[in-house]
Every structure is written in C-alpha cells, then in structure tokens.
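Structure file query-v2.csv (CSV, C-alpha atoms) follows.
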chain,number,residue,atom,x,y,z
A,763,SER,CA,29.3,21.0,3.0
A,764,LYS,CA,28.4,18.3,0.6
A,765,ALA,CA,24.7,18.0,-0.3
A,766,PRO,CA,23.0,14.8,0.9
A,767,LYS,CA,22.7,12.0,-1.7
A,768,HIS,CA,19.0,12.6,-2.2
A,769,ALA,CA,19.1,16.4,-1.9
A,770,TYR,CA,16.5,18.2,-4.1
A,771,ASP,CA,17.8,19.2,-7.5
A,772,PRO,CA,15.4,21.5,-9.3
A,773,SER,CA,16.8,20.2,-12.7
A,774,SER,CA,15.9,16.6,-11.9
A,775,GLY,CA,12.2,17.0,-11.1
A,776,THR,CA,10.4,16.0,-7.9
A,777,ARG,CA,12.4,13.9,-5.5
A,778,LEU,CA,10.6,10.6,-4.7
A,779,ILE,CA,13.2,9.1,-2.4
A,780,ARG,CA,14.6,10.5,0.9
A,781,ALA,CA,17.8,9.4,2.6
A,782,PRO,CA,17.4,7.2,5.7
A,783,ASP,CA,18.9,9.9,7.9
A,784,GLU,CA,16.7,12.7,6.7
A,785,PRO,CA,13.8,13.8,9.0
A,786,LYS,CA,10.4,12.6,7.9
A,787,MET,CA,7.8,14.4,10.0
A,788,ARG,CA,5.1,14.3,7.3
A,789,TRP,CA,3.7,11.8,4.9
A,790,VAL,CA,2.6,13.6,1.7
A,791,ASP,CA,0.6,11.7,-0.9
A,792,GLY,CA,-1.2,13.0,-3.9
A,793,THR,CA,-2.9,9.8,-5.1
A,794,PRO,CA,-6.3,10.9,-6.6
A,795,GLU,CA,-8.0,7.7,-5.5
A,796,TYR,CA,-7.5,8.8,-1.9
A,797,THR,CA,-10.2,11.4,-2.5
A,798,PHE,CA,-12.7,8.7,-1.7
A,799,TYR,CA,-10.9,7.6,1.4
A,800,THR,CA,-10.6,10.8,3.4
A,801,TYR,CA,-13.0,9.6,6.1
A,802,ALA,CA,-10.9,6.4,6.6
A,803,LEU,CA,-7.6,8.4,6.4
A,804,GLY,CA,-9.0,10.7,9.1
A,805,LEU,CA,-9.6,7.7,11.4
A,806,LEU,CA,-6.1,6.3,10.7
A,807,PHE,CA,-4.4,9.6,11.0
A,808,PRO,CA,-6.4,11.9,13.3
A,809,THR,CA,-4.3,15.0,12.8
A,810,CYS,CA,-4.0,14.7,9.0
A,811,LYS,CA,-4.9,17.6,6.7
A,812,PHE,CA,-6.1,17.7,3.1
A,813,ILE,CA,-5.4,20.0,0.2
A,814,HIS,CA,-7.9,20.0,-2.6
A,815,ILE,CA,-6.5,21.3,-5.9
A,816,LEU,CA,-9.5,22.3,-7.9
A,817,ARG,CA,-9.1,22.3,-11.7
A,818,ARG,CA,-11.5,23.4,-14.4
A,819,PRO,CA,-13.6,20.5,-15.7
A,820,ASP,CA,-12.8,21.1,-19.4
A,821,LEU,CA,-9.0,21.0,-18.7
A,822,VAL,CA,-9.4,17.7,-16.8
A,823,VAL,CA,-11.6,16.2,-19.4
A,824,ASN,CA,-9.2,17.2,-22.1
A,825,SER,CA,-6.3,15.7,-20.2
A,826,LEU,CA,-7.9,12.4,-19.3
A,827,ALA,CA,-9.3,11.9,-22.8
A,828,HIS,CA,-5.9,12.2,-24.3
A,829,PHE,CA,-3.7,10.7,-21.6
A,830,GLU,CA,-1.3,8.0,-22.9
A,831,ASN,CA,-0.5,6.2,-19.7
A,832,ALA,CA,-3.8,6.7,-17.8
A,833,GLY,CA,-4.7,4.6,-14.8
A,834,GLN,CA,-7.9,3.1,-13.5
A,835,ASP,CA,-10.5,5.9,-13.7
A,836,ALA,CA,-8.6,8.0,-16.2
A,837,GLN,CA,-8.9,5.3,-18.9
A,838,SER,CA,-12.0,6.8,-20.3
A,839,SER,CA,-13.6,5.9,-23.6
A,840,GLY,CA,-14.5,9.5,-24.4
A,841,PHE,CA,-15.2,13.0,-23.1
A,842,GLY,CA,-18.4,11.9,-21.4
A,843,ALA,CA,-16.6,9.3,-19.2
A,844,ALA,CA,-13.8,11.7,-18.5
A,845,LEU,CA,-16.4,14.3,-17.3
A,846,ASP,CA,-18.0,11.7,-15.0
A,847,VAL,CA,-14.6,11.2,-13.5
A,848,TRP,CA,-14.2,14.9,-12.8
A,849,VAL,CA,-17.7,15.1,-11.2
A,850,ARG,CA,-17.0,12.1,-9.0
A,851,TYR,CA,-13.7,13.2,-7.6
A,852,THR,CA,-14.8,16.9,-7.2
A,853,SER,CA,-18.0,15.9,-5.5
A,854,ALA,CA,-16.1,13.6,-3.1
A,855,ALA,CA,-13.6,16.5,-2.3
A,856,GLN,CA,-16.6,18.8,-1.7
A,857,ASP,CA,-18.0,16.3,0.8
A,858,THR,CA,-14.6,16.1,2.5
A,859,ALA,CA,-14.6,19.9,2.9
A,860,ARG,CA,-18.1,19.8,4.4
A,861,TYR,CA,-17.1,17.0,6.8
A,862,TYR,CA,-13.7,18.3,8.0
A,863,GLY,CA,-14.1,22.0,7.6
A,864,SER,CA,-11.4,24.6,7.0
A,865,SER,CA,-9.2,23.5,9.8
A,866,ARG,CA,-8.5,20.2,8.1
A,867,LEU,CA,-9.0,21.0,4.4
A,868,LEU,CA,-7.6,23.8,2.2
A,869,ARG,CA,-8.9,24.3,-1.3
A,870,ILE,CA,-6.7,25.9,-3.9
A,871,ASP,CA,-7.3,26.5,-7.6
A,872,ASN,CA,-4.9,24.9,-10.1
A,873,ALA,CA,-5.0,28.1,-12.2
A,874,ASP,CA,-3.8,30.2,-9.3
A,875,LEU,CA,-1.1,27.7,-8.5
A,876,LEU,CA,0.3,27.9,-12.0
A,877,ARG,CA,-0.1,31.7,-12.2
A,878,ASP,CA,1.3,32.6,-8.8
A,879,GLY,CA,2.8,29.4,-7.3
A,880,SER,CA,4.8,31.2,-4.6
A,881,SER,CA,1.9,32.8,-2.9
A,882,VAL,CA,-0.4,29.8,-3.2
A,883,LEU,CA,2.3,27.5,-1.7
A,884,SER,CA,2.8,30.0,1.1
A,885,ARG,CA,-0.9,29.5,1.9
A,886,CYS,CA,-0.3,25.7,1.9
A,887,PHE,CA,2.7,26.0,4.2
A,888,GLU,CA,0.7,28.2,6.6
A,889,PHE,CA,-2.2,25.8,6.6
A,890,LEU,CA,0.1,22.9,7.4
A,891,GLY,CA,2.1,24.8,10.0
A,892,GLU,CA,5.3,24.5,8.0
A,893,PRO,CA,7.9,27.1,7.3
A,894,ASP,CA,7.8,28.7,3.9
A,895,CYS,CA,10.3,27.4,1.3
A,896,ALA,CA,11.3,29.6,-1.7
A,897,CYS,CA,12.5,26.5,-3.7
A,898,ALA,CA,9.1,24.8,-3.4
A,899,THR,CA,7.9,26.3,-6.8
A,900,ALA,CA,10.7,24.5,-8.7
A,901,PRO,CA,8.7,21.4,-9.5
A,902,LEU,CA,6.0,23.5,-11.0
A,903,GLU,CA,8.3,24.3,-13.9
A,904,SER,CA,8.3,20.6,-15.0
A,905,ARG,CA,5.5,18.8,-16.6
A,906,MET,CA,5.1,15.3,-15.1
A,907,ASN,CA,2.5,13.4,-17.0
A,908,SER,CA,2.4,12.1,-20.5
A,909,SER,CA,-0.7,13.8,-21.8
A,910,LYS,CA,-0.4,15.6,-25.2
A,911,ALA,CA,-3.6,17.4,-24.4
A,912,PRO,CA,-2.8,21.1,-24.3
A,913,GLU,CA,-2.9,21.6,-28.0
A,914,LYS,CA,-6.3,19.8,-28.2
A,915,HIS,CA,-8.0,21.8,-25.5
A,916,GLN,CA,-10.0,24.1,-27.7
A,917,GLU,CA,-11.2,21.2,-29.9
A,918,THR,CA,-12.3,19.4,-26.7
A,919,LEU,CA,-14.1,22.5,-25.4
A,920,ASP,CA,-15.9,23.0,-28.7
A,921,GLN,CA,-17.3,19.5,-28.4
A,922,ILE,CA,-18.5,19.5,-24.8
A,923,SER,CA,-19.4,23.2,-24.1
A,924,HIS,CA,-23.0,22.7,-25.1
A,925,TRP,CA,-23.6,19.5,-23.0
A,926,PRO,CA,-25.9,20.0,-20.0
A,927,LYS,CA,-23.7,17.7,-18.0
A,928,PHE,CA,-20.7,19.9,-18.7
A,929,ARG,CA,-22.6,23.1,-17.8
A,930,ARG,CA,-23.5,21.5,-14.4
A,931,ALA,CA,-19.8,20.7,-13.9
A,932,GLU,CA,-18.9,24.2,-14.8
A,933,ALA,CA,-21.4,25.5,-12.2
A,934,LEU,CA,-19.9,23.2,-9.5
A,935,TYR,CA,-16.4,24.5,-10.4
A,936,GLU,CA,-17.5,28.1,-10.1
A,937,GLU,CA,-19.3,27.4,-6.8
A,938,LEU,CA,-16.2,25.9,-5.3
A,939,ARG,CA,-13.8,28.4,-6.7
A,940,ASN,CA,-15.8,31.3,-5.4
A,941,SER,CA,-16.7,30.0,-2.0
A,942,GLU,CA,-14.7,29.3,1.2
A,943,VAL,CA,-14.4,26.0,2.8
A,944,PRO,CA,-16.9,26.1,5.7
A,945,LYS,CA,-15.3,26.7,9.1
A,946,GLU,CA,-17.7,24.5,11.0
A,947,THR,CA,-17.8,20.8,10.3
A,948,ASP,CA,-21.0,19.3,9.0
A,949,THR,CA,-21.8,16.0,10.8
A,950,ASN,CA,-24.4,15.2,8.2
A,951,ALA,CA,-21.6,14.8,5.7
A,952,LEU,CA,-20.4,11.7,7.6
A,953,ASP,CA,-22.9,9.5,5.8
A,954,LYS,CA,-21.8,10.8,2.5
A,955,GLN,CA,-18.2,10.1,3.4
A,956,LYS,CA,-19.1,6.5,4.3
A,957,GLU,CA,-21.0,6.2,1.1
A,958,TRP,CA,-18.0,7.1,-1.0
A,959,LEU,CA,-15.9,4.6,0.8
A,960,GLY,CA,-18.5,1.9,0.4
A,961,LYS,CA,-18.7,2.4,-3.3
A,962,ARG,CA,-15.0,1.9,-4.0
A,963,LYS,CA,-13.8,-1.5,-5.3
A,964,GLY,CA,-10.4,-3.1,-5.7
A,965,PRO,CA,-7.5,-4.0,-3.4
A,966,VAL,CA,-7.1,-0.5,-1.9
A,967,ALA,CA,-10.7,-0.3,-0.9
A,968,ALA,CA,-10.6,-3.9,0.5
A,969,LEU,CA,-7.5,-3.1,2.5
A,970,VAL,CA,-9.0,0.1,4.0
A,971,ARG,CA,-12.2,-1.7,5.0
A,972,ARG,CA,-10.1,-4.5,6.6
A,973,VAL,CA,-8.0,-2.1,8.6
A,974,LEU,CA,-11.1,-0.3,9.8
A,975,GLY,CA,-12.8,-3.5,10.6
A,976,ARG,CA,-15.8,-2.8,8.2

How would this structure read if it were set down as structure tokens?
Amino acid sequence: SKAPKHAYDPSSGTRLIRAPDEPKMRWVDGTPEYTFYTYALGLLFPTCKFIHILRRPDLVVNSLAHFENAGQDAQSSGFGAALDVWVRYTSAAQDTARYYGSSRLLRIDNADLLRDGSSVLSRCFEFLGEPDCACATAPLESRMNSSKAPEKHQETLDQISHWPKFRRAEALYEELRNSEVPKETDTNALDKQKEWLGKRKGPVAALVRRVLGR
C-alpha cells in the first residue's frame, strides 16, 4: 500500500507534521522553556509524563556559547552566562523529579542516548507505556541545530574547567547521572515548582498564569 503523505522518512529528518487522519494519542514537545512550567503542565494535563535528557555542562556551555541561531536563554554573552543557563534548567528539572517522582519523570543521559540509542529509547517507550519502535533511532543520525561547537569543545573546557561554578555544575551532573529519580513524591518540592513558575517572564509565562488563574 502507498505510504501516507506524511509518513516518516529517515532521510528527511524528524517529521513535524502529521496527516489529519493519523492517530494522535500523545502530544510530545521538547521545548526547553517548559522545564520551568512542569507544575503548570501537570495541572493542565494530569496524566502527562516528563523525560529529562541530562547532558554534561561543558557540552551545553560549548554549544550555547557558539550557537548561531540561539533563542532567548541561549543567547549568552559568554561561557559564564551559558553555564548559568545549564544550572537553571538542570536545577528546575531536578525539582520536577522530586515533585513528581519516578512514575511521572524519567531521567536519561544524553551520552547514553548517543551511544546506545536503541536501548535508551526502549526505556522511554516502556516508561510511556508505548510499544517499542525499531525506527525510532533514525532521527539520532541527523544533527538538527546550527551550532558549530564540537570542534571548539576542548578549547571551551580548557577555559572553564578551573571555575568553581563549573565544578559545582559538574558535581550536580554527576549526582543526577549516578542517582535514581526518587520513587516517592516530595510535597515540599511544590513550593520550588511554584517559585520557578513565578520567576518566568514573557508571553508564555503570562499565558500559563492566566490559564491557571494566578
């Protein structure tokens, strides 16, 4: 039979549009900014789940600092600002894990995803209650941003490796990489979730607060 108009083609990259007659049982969104809205998303979508893709701070700093078409937080003026971005987003994701627990949040390491995408994605499918899909690793073969950072990584690491702030970020990365998401939810983390939401500015934050009536 003929493939649907919007059928996934591994050679074309990730498909962003689905045909009107295709089933849409899940909304999947990887917008980094939503890291600060997980409390609100949980209220709007009570059965939603989150996947935190953890990445080494030096790689993120290098990527953000050399990103050509960076957006809001990514438009950093230097390595220090880029490191602050990593700390903010990672800390917010850590608070999300504490608040929702392992039944609602899965943490995976980006290095593991690149090294053994098939098994890591199998974990994701199991977490989401979805059937495994052998073709799911195809998008991992394509690079989707405009950063020319990889060749500059060692230069970046040499400049920031002695910074106390970077060492604290490294410690946080190692802590999260080597620990499991807690099974039990931490109700004390609710205040932190609300705090992250209250700090955000811009149209998205305003819309979320309006929807929630806050």

(request) Quick one: everything within 7 Å of range 795-797 of chain A, counting only C-alpha atoms, minus sequence neighbours fewer than 6 positions away in the same chain. Send it as a PyMOL selection string. (result) chain A and resi 851+854-855

(request) Give the answer as one residue: which of A:Gly891, A:Pro944, A:Gly804, A:Pro819 has the shortest atom-to-atom distance to Ala873 in chain A, using all atoms listed in the file? (result)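 Checking each of A:Gly891, A:Pro944, A:Gly804, A:Pro819 against Ala873 in chain A, counting all atoms listed in the file, the winner is A:Pro819.
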
(message) My list of candidates is A:Asp820, A:Asp874, A:Asp783, A:Glu946. Which is closest to Ile922 in chain A when distances are computed with only C-alpha atoms?
(response)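 Among the listed residues, A:Asp820 lies closest to Ile922 in chain A.
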
(request) Would you mind listing what lies within 9 Å of Tyr801 in chain A as an MDAnalysis selection string, with only C-alpha atoms counted and same-chain residues fewer than 3 positions away left out? (result) chainID A and resid 798 804:806 858 861:862 952 955:956 959

(message) Residues within 7 Å of Val823 in chain A, please, as a list in words. Count all atoms listed in the file; anything in the same chain fewer than 4 positions from it doesn't count.
(response)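 The neighbour list is Pro819, Ala827, Phe841, Ala844 and Leu845 of chain A.
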
How would the residues just picked look written out with C-alpha atoms as a tab-separated table (two decimals), in the coordinates of the input?
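In the end it all went to part.tsv:
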chain	number	residue	atom	x	y	z
A	819	PRO	CA	-13.60	20.50	-15.70
A	827	ALA	CA	-9.30	11.90	-22.80
A	841	PHE	CA	-15.20	13.00	-23.10
A	844	ALA	CA	-13.80	11.70	-18.50
A	845	LEU	CA	-16.40	14.30	-17.30

(request) Have a look at CA of Ala802 in chain A and CA of Arg818 in chain A and let me know their distance in Å, one decimal. (result)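 Between CA of Ala802 in chain A and CA of Arg818 in chain A the gap works out to 27.0 Å.
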
(request) Could you please determine the separation between CA of His915 in chain A and CA of Leu934 in chain A in Å, to one decimal place? (result)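 Separation between CA of His915 in chain A and CA of Leu934 in chain A: 20.0 Å.
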
(request) Select, from A:His828, A:Lys961, A:Arg860, A:Arg877, the residue with the minimum atom-to-atom distance to Thr918 in chain A, counting only C-alpha atoms. (result)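 That would be A:His828, the residue with the smallest distance to Thr918 in chain A.
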
(message) When you count all atoms listed in the file, which of these residues is closest to Trp925 in chain A: A:Glu784, A:Gly863, A:Asn940, A:Gly842?
(response) A:Gly842

(message) Just the number, please: distance in Å from CA of Leu969 in chain A to CA of Thr949 in chain A, one decimal.
(response) 25.3 Å

(message) Which residue is closest to Pro901 in chain A? Choose from A:Ser880, A:Gln921, A:Ser853, A:Thr809 and count all atoms listed in the file.
(response) A:Ser880

(message) Under the rule that all atoms listed in the file are counted, which of A:Arg962, A:Trp789, A:Glu957, A:Cys895 is the nearest residue to Phe807 in chain A?
(response)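 Nearest to Phe807 in chain A: A:Trp789.
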
(message) Counting all atoms listed in the file, find residues at most 10 Å from (-9.1, 19.4, 8.9) (file frame) and give them as a VMD selection string.
(response) chain A and resid 804 808 to 813 858 to 859 861 to 868 889 to 890 945 947

Write the residues of the selection above to a file with C-alpha atoms, as an mmCIF file, in the frame of the given file.
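Listed below is the output, selection09.cif:
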data_model
loop_
_atom_site.group_PDB
_atom_site.id
_atom_site.type_symbol
_atom_site.label_atom_id
_atom_site.label_comp_id
_atom_site.auth_asym_id
_atom_site.auth_seq_id
_atom_site.Cartn_x
_atom_site.Cartn_y
_atom_site.Cartn_z
ATOM 1 C CA GLY A 804 -9.000 10.700 9.100
ATOM 2 C CA PRO A 808 -6.400 11.900 13.300
ATOM 3 C CA THR A 809 -4.300 15.000 12.800
ATOM 4 C CA CYS A 810 -4.000 14.700 9.000
ATOM 5 C CA LYS A 811 -4.900 17.600 6.700
ATOM 6 C CA PHE A 812 -6.100 17.700 3.100
ATOM 7 C CA ILE A 813 -5.400 20.000 0.200
ATOM 8 C CA THR A 858 -14.600 16.100 2.500
ATOM 9 C CA ALA A 859 -14.600 19.900 2.900
ATOM 10 C CA TYR A 861 -17.100 17.000 6.800
ATOM 11 C CA TYR A 862 -13.700 18.300 8.000
ATOM 12 C CA GLY A 863 -14.100 22.000 7.600
ATOM 13 C CA SER A 864 -11.400 24.600 7.000
ATOM 14 C CA SER A 865 -9.200 23.500 9.800
ATOM 15 C CA ARG A 866 -8.500 20.200 8.100
ATOM 16 C CA LEU A 867 -9.000 21.000 4.400
ATOM 17 C CA LEU A 868 -7.600 23.800 2.200
ATOM 18 C CA PHE A 889 -2.200 25.800 6.600
ATOM 19 C CA LEU A 890 0.100 22.900 7.400
ATOM 20 C CA LYS A 945 -15.300 26.700 9.100
ATOM 21 C CA THR A 947 -17.800 20.800 10.300
#

(message) Just want the 10 Å neighbourhood of Val970 in chain A, counted on all atoms listed in the file, with same-chain residues fewer than 2 positions away dropped. Output as a ChimeraX atom specification.
(response) /A:799,802-803,806,959,965-968,972-976

(message) List as a VMD selection string the protein and nucleic acid residues near Arg939 in chain A, meaning an atom at most 10 Å away when only C-alpha atoms are counted, but skip any in the same chain fewer than 2 places from it.
(response) chain A and resid 816 to 818 869 to 871 933 to 937 941 to 943
